[in-house]
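One structure below.
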Amino acid sequence: MKNLITVFFLFFLISIFAQETNDKNQTKFGFEVTAKFGSSKLDVKEAVDLNGNFSAGDFLVVYRLNQYSIFKSGITIAEFNSNFTASGETASLKNSYLQIPLKYFYVTSLSNNAINDSTINLLFGLGVNANHLYQSKIETVNTSNSNKNLGWNLGSSFEMGLDFSFSKYMNFGIFYEAMADITRNEKENNNQKLVGTNLIKFSYIINF
């Protein structure tokens, strides 16, 4: 975790001191909605790891510090779904998460058309997030068991992708995102964490 924090702030400092003095017009806010889906693995202590599907949606406030640096934070609603066999019976697991992410993106311009304000940017992002496992549900053919409020843990993320702006009021993006929990969720005999999460993300930003 210390290495992640060091890299995070190194990127931040580089971007601050590398700016030109005329980037005041680049600073503005936005609101981002995303949809992302892919695969993940649930690392359960003293049990077999479970492979499954991961899907999520972000609702984030976007702050453009300058033309090279973007911060994003808000909430994420996520689900992990997996099937497994217990005592000869097939069961399904659904974990529901509430995440609070903080992300930093470094922006590199690939094209810029000053006439119609259209741009294409390449973004690289690092982030940390607090994860709350607010429900874990296991279902079989005959039974259903649900536990709630199973605690918090910390995670990290890396992103890279393309951001398309065809108007100063709207942006569209497509990204690859990798996520992994740093700490384990250990409340009430629940000892697990998500690892190896790989996602495709589509984003839409309204600027104001």
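Labeling convention for the structure tokens: chains A, B, ... as they appear, residues from 1 per chain, ligands from 1 in order of appearance.
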Practice task
Excluding region 136-140 of chain A and any residue of its chain fewer than 6 positions from it, enumerate the residues within 6 Å of it, using only C-alpha atoms, and give them as JSON, numbers by chain.
Solution key: {"A": [91, 92, 93, 94, 95, 146, 147]}
Exercise for the section: Would you list the contacts of Thr90 (chain A) as a list in words, taking every protein, DNA or RNA residue within 8 Å and counting only C-alpha atoms, but skipping same-chain residues closer than 6 positions in sequence? Expected result: Asn83, Phe84, Thr140 and Val141 of chain A
Handout entry: Surrounding residues of Thr119 (chain A) excluding itself and chain neighbours under 5 positions, 7 Å, only C-alpha atoms, as an MDAnalysis selection string
Key = chainID A and resid 111:113 164:166
Problem - Contact residues around Asn189 (chain A) with only C-alpha atoms at 12 Å, ignoring same-chain residues under 5 positions, as a ChimeraX atom specification - result: /A:44-46,147,150-151,184
Could you write those residues out with C-alpha atoms, as a short mmCIF file (atom, residue, chain, number, x, y, z; two decimals), in the first residue's frame?
```cif
data_model
loop_
_atom_site.label_atom_id
_atom_site.label_comp_id
_atom_site.auth_asym_id
_atom_site.auth_seq_id
_atom_site.Cartn_x
_atom_site.Cartn_y
_atom_site.Cartn_z
CA VAL A 44 -11.83 -16.74 0.64
CA LYS A 45 -9.62 -17.76 3.56
CA GLU A 46 -9.55 -21.52 4.21
CA ASN A 147 -26.05 -11.58 5.56
CA LEU A 150 -20.25 -7.33 6.62
CA GLY A 151 -17.67 -4.60 7.04
CA ARG A 184 -9.30 -8.34 3.70
#
```
Determine, using only C-alpha atoms, which residues of region 45-77 of chain A have any atom at most 12 Å from an atom of region 176-180 of chain A, and tabulate each with its shortest atom pair and distance in Å to one decimal place, rows ordered by chain and then rising number, as a tab-separated table.
```
residue	atom	partner	partner_atom	distance
A:Phe54	CA	A:Met179	CA	10.7
A:Ser55	CA	A:Glu177	CA	11.8
A:Ala56	CA	A:Glu177	CA	11.5
```
Practice task
Using DSSP on the backbone coordinates, identify all residues within region 9-198 of chain A classified as strand (DSSP E or B); present the result as a PyMOL selection string.
Solution key: chain A and resi 29-44+50-66+69-86+89-113+118-139+144-148+152-167+170-181+185+192-198
Problem - Contacts of Lys168 (chain A) at 9 Å (only C-alpha atoms; same-chain gap of 5+ positions) as a ChimeraX atom specification - result: /A:117-118,206-208
Practice task
Excluding Lys187 (chain A) and any residue of its chain fewer than 2 positions from it, enumerate the residues within 12 Å of it, using only C-alpha atoms, and give them as a ChimeraX atom specification.
Solution key: /A:132-134,147-153,184-185,189-193
Practice task
Considering only C-alpha atoms, state which residue in the set A:Gly196, A:Pro101, A:Gly173, A:Gly30 is at the smallest distance from Asp58 (chain A).
Solution key: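 Closest to Asp58 (chain A) of all the choices is A:Pro101.
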Handout entry: DSSP-assigned alpha helix (DSSP H) members of region 1-203 of chain A, reported as a list in words
Key =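 Result set for region 1-203 of chain A (alpha helix (DSSP H)): Lys2, Asn3, Leu4, Ile5, Thr6, Val7, Phe8, Phe9, Leu10, Phe11, Phe12, Leu13, Ile14, Ser15, Ile16 and Phe17 of chain A.
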Handout entry: Atomic separation - CA of Gly155 (chain A) relative to CA of Thr85 (chain A), Å
Key =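 So the answer is 28.0 Å.
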Problem - Shell around Tyr106 (chain A) at 6 Å using only C-alpha atoms, local window under 3 positions removed, as a list of chain:residue names - result: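 The contact residues come out as A:Tyr68, A:Ser69, A:Leu123, A:Phe124.
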Restricting it to all heavy atoms, dump the selection as a PDB file, in the first residue's frame.
```pdb
ATOM      1  N   TYR A  68      -3.650  18.518 -17.636  1.00  0.00           N
ATOM      2  CA  TYR A  68      -2.974  17.232 -17.491  1.00  0.00           C
ATOM      3  C   TYR A  68      -3.492  16.389 -16.329  1.00  0.00           C
ATOM      4  O   TYR A  68      -3.137  15.216 -16.224  1.00  0.00           O
ATOM      5  CB  TYR A  68      -1.469  17.436 -17.301  1.00  0.00           C
ATOM      6  CG  TYR A  68      -0.788  18.137 -18.445  1.00  0.00           C
ATOM      7  CD1 TYR A  68      -0.391  19.469 -18.322  1.00  0.00           C
ATOM      8  CD2 TYR A  68      -0.544  17.491 -19.645  1.00  0.00           C
ATOM      9  CE1 TYR A  68       0.235  20.125 -19.373  1.00  0.00           C
ATOM     10  CE2 TYR A  68       0.078  18.139 -20.696  1.00  0.00           C
ATOM     11  CZ  TYR A  68       0.463  19.460 -20.560  1.00  0.00           C
ATOM     12  OH  TYR A  68       1.076  20.111 -21.603  1.00  0.00           O
ATOM     13  N   SER A  69      -4.271  16.960 -15.436  1.00  0.00           N
ATOM     14  CA  SER A  69      -4.631  16.270 -14.192  1.00  0.00           C
ATOM     15  C   SER A  69      -6.133  16.319 -13.944  1.00  0.00           C
ATOM     16  O   SER A  69      -6.744  17.393 -14.021  1.00  0.00           O
ATOM     17  CB  SER A  69      -3.909  16.909 -13.004  1.00  0.00           C
ATOM     18  OG  SER A  69      -2.514  16.826 -13.162  1.00  0.00           O
ATOM     19  N   LEU A 123      -5.794   8.611 -21.245  1.00  0.00           N
ATOM     20  CA  LEU A 123      -5.766   8.786 -19.802  1.00  0.00           C
ATOM     21  C   LEU A 123      -5.164   7.569 -19.112  1.00  0.00           C
ATOM     22  O   LEU A 123      -5.433   6.421 -19.484  1.00  0.00           O
ATOM     23  CB  LEU A 123      -7.185   9.010 -19.249  1.00  0.00           C
ATOM     24  CG  LEU A 123      -7.742  10.435 -19.265  1.00  0.00           C
ATOM     25  CD1 LEU A 123      -7.944  10.922 -20.692  1.00  0.00           C
ATOM     26  CD2 LEU A 123      -9.045  10.505 -18.484  1.00  0.00           C
ATOM     27  N   PHE A 124      -4.350   7.838 -18.086  1.00  0.00           N
ATOM     28  CA  PHE A 124      -3.827   6.811 -17.187  1.00  0.00           C
ATOM     29  C   PHE A 124      -4.250   7.179 -15.773  1.00  0.00           C
ATOM     30  O   PHE A 124      -4.043   8.324 -15.344  1.00  0.00           O
ATOM     31  CB  PHE A 124      -2.302   6.726 -17.266  1.00  0.00           C
ATOM     32  CG  PHE A 124      -1.776   6.321 -18.615  1.00  0.00           C
ATOM     33  CD1 PHE A 124      -1.449   7.282 -19.558  1.00  0.00           C
ATOM     34  CD2 PHE A 124      -1.629   4.987 -18.939  1.00  0.00           C
ATOM     35  CE1 PHE A 124      -0.971   6.924 -20.805  1.00  0.00           C
ATOM     36  CE2 PHE A 124      -1.150   4.611 -20.194  1.00  0.00           C
ATOM     37  CZ  PHE A 124      -0.820   5.582 -21.123  1.00  0.00           C
TER      38      PHE A 124
END
```
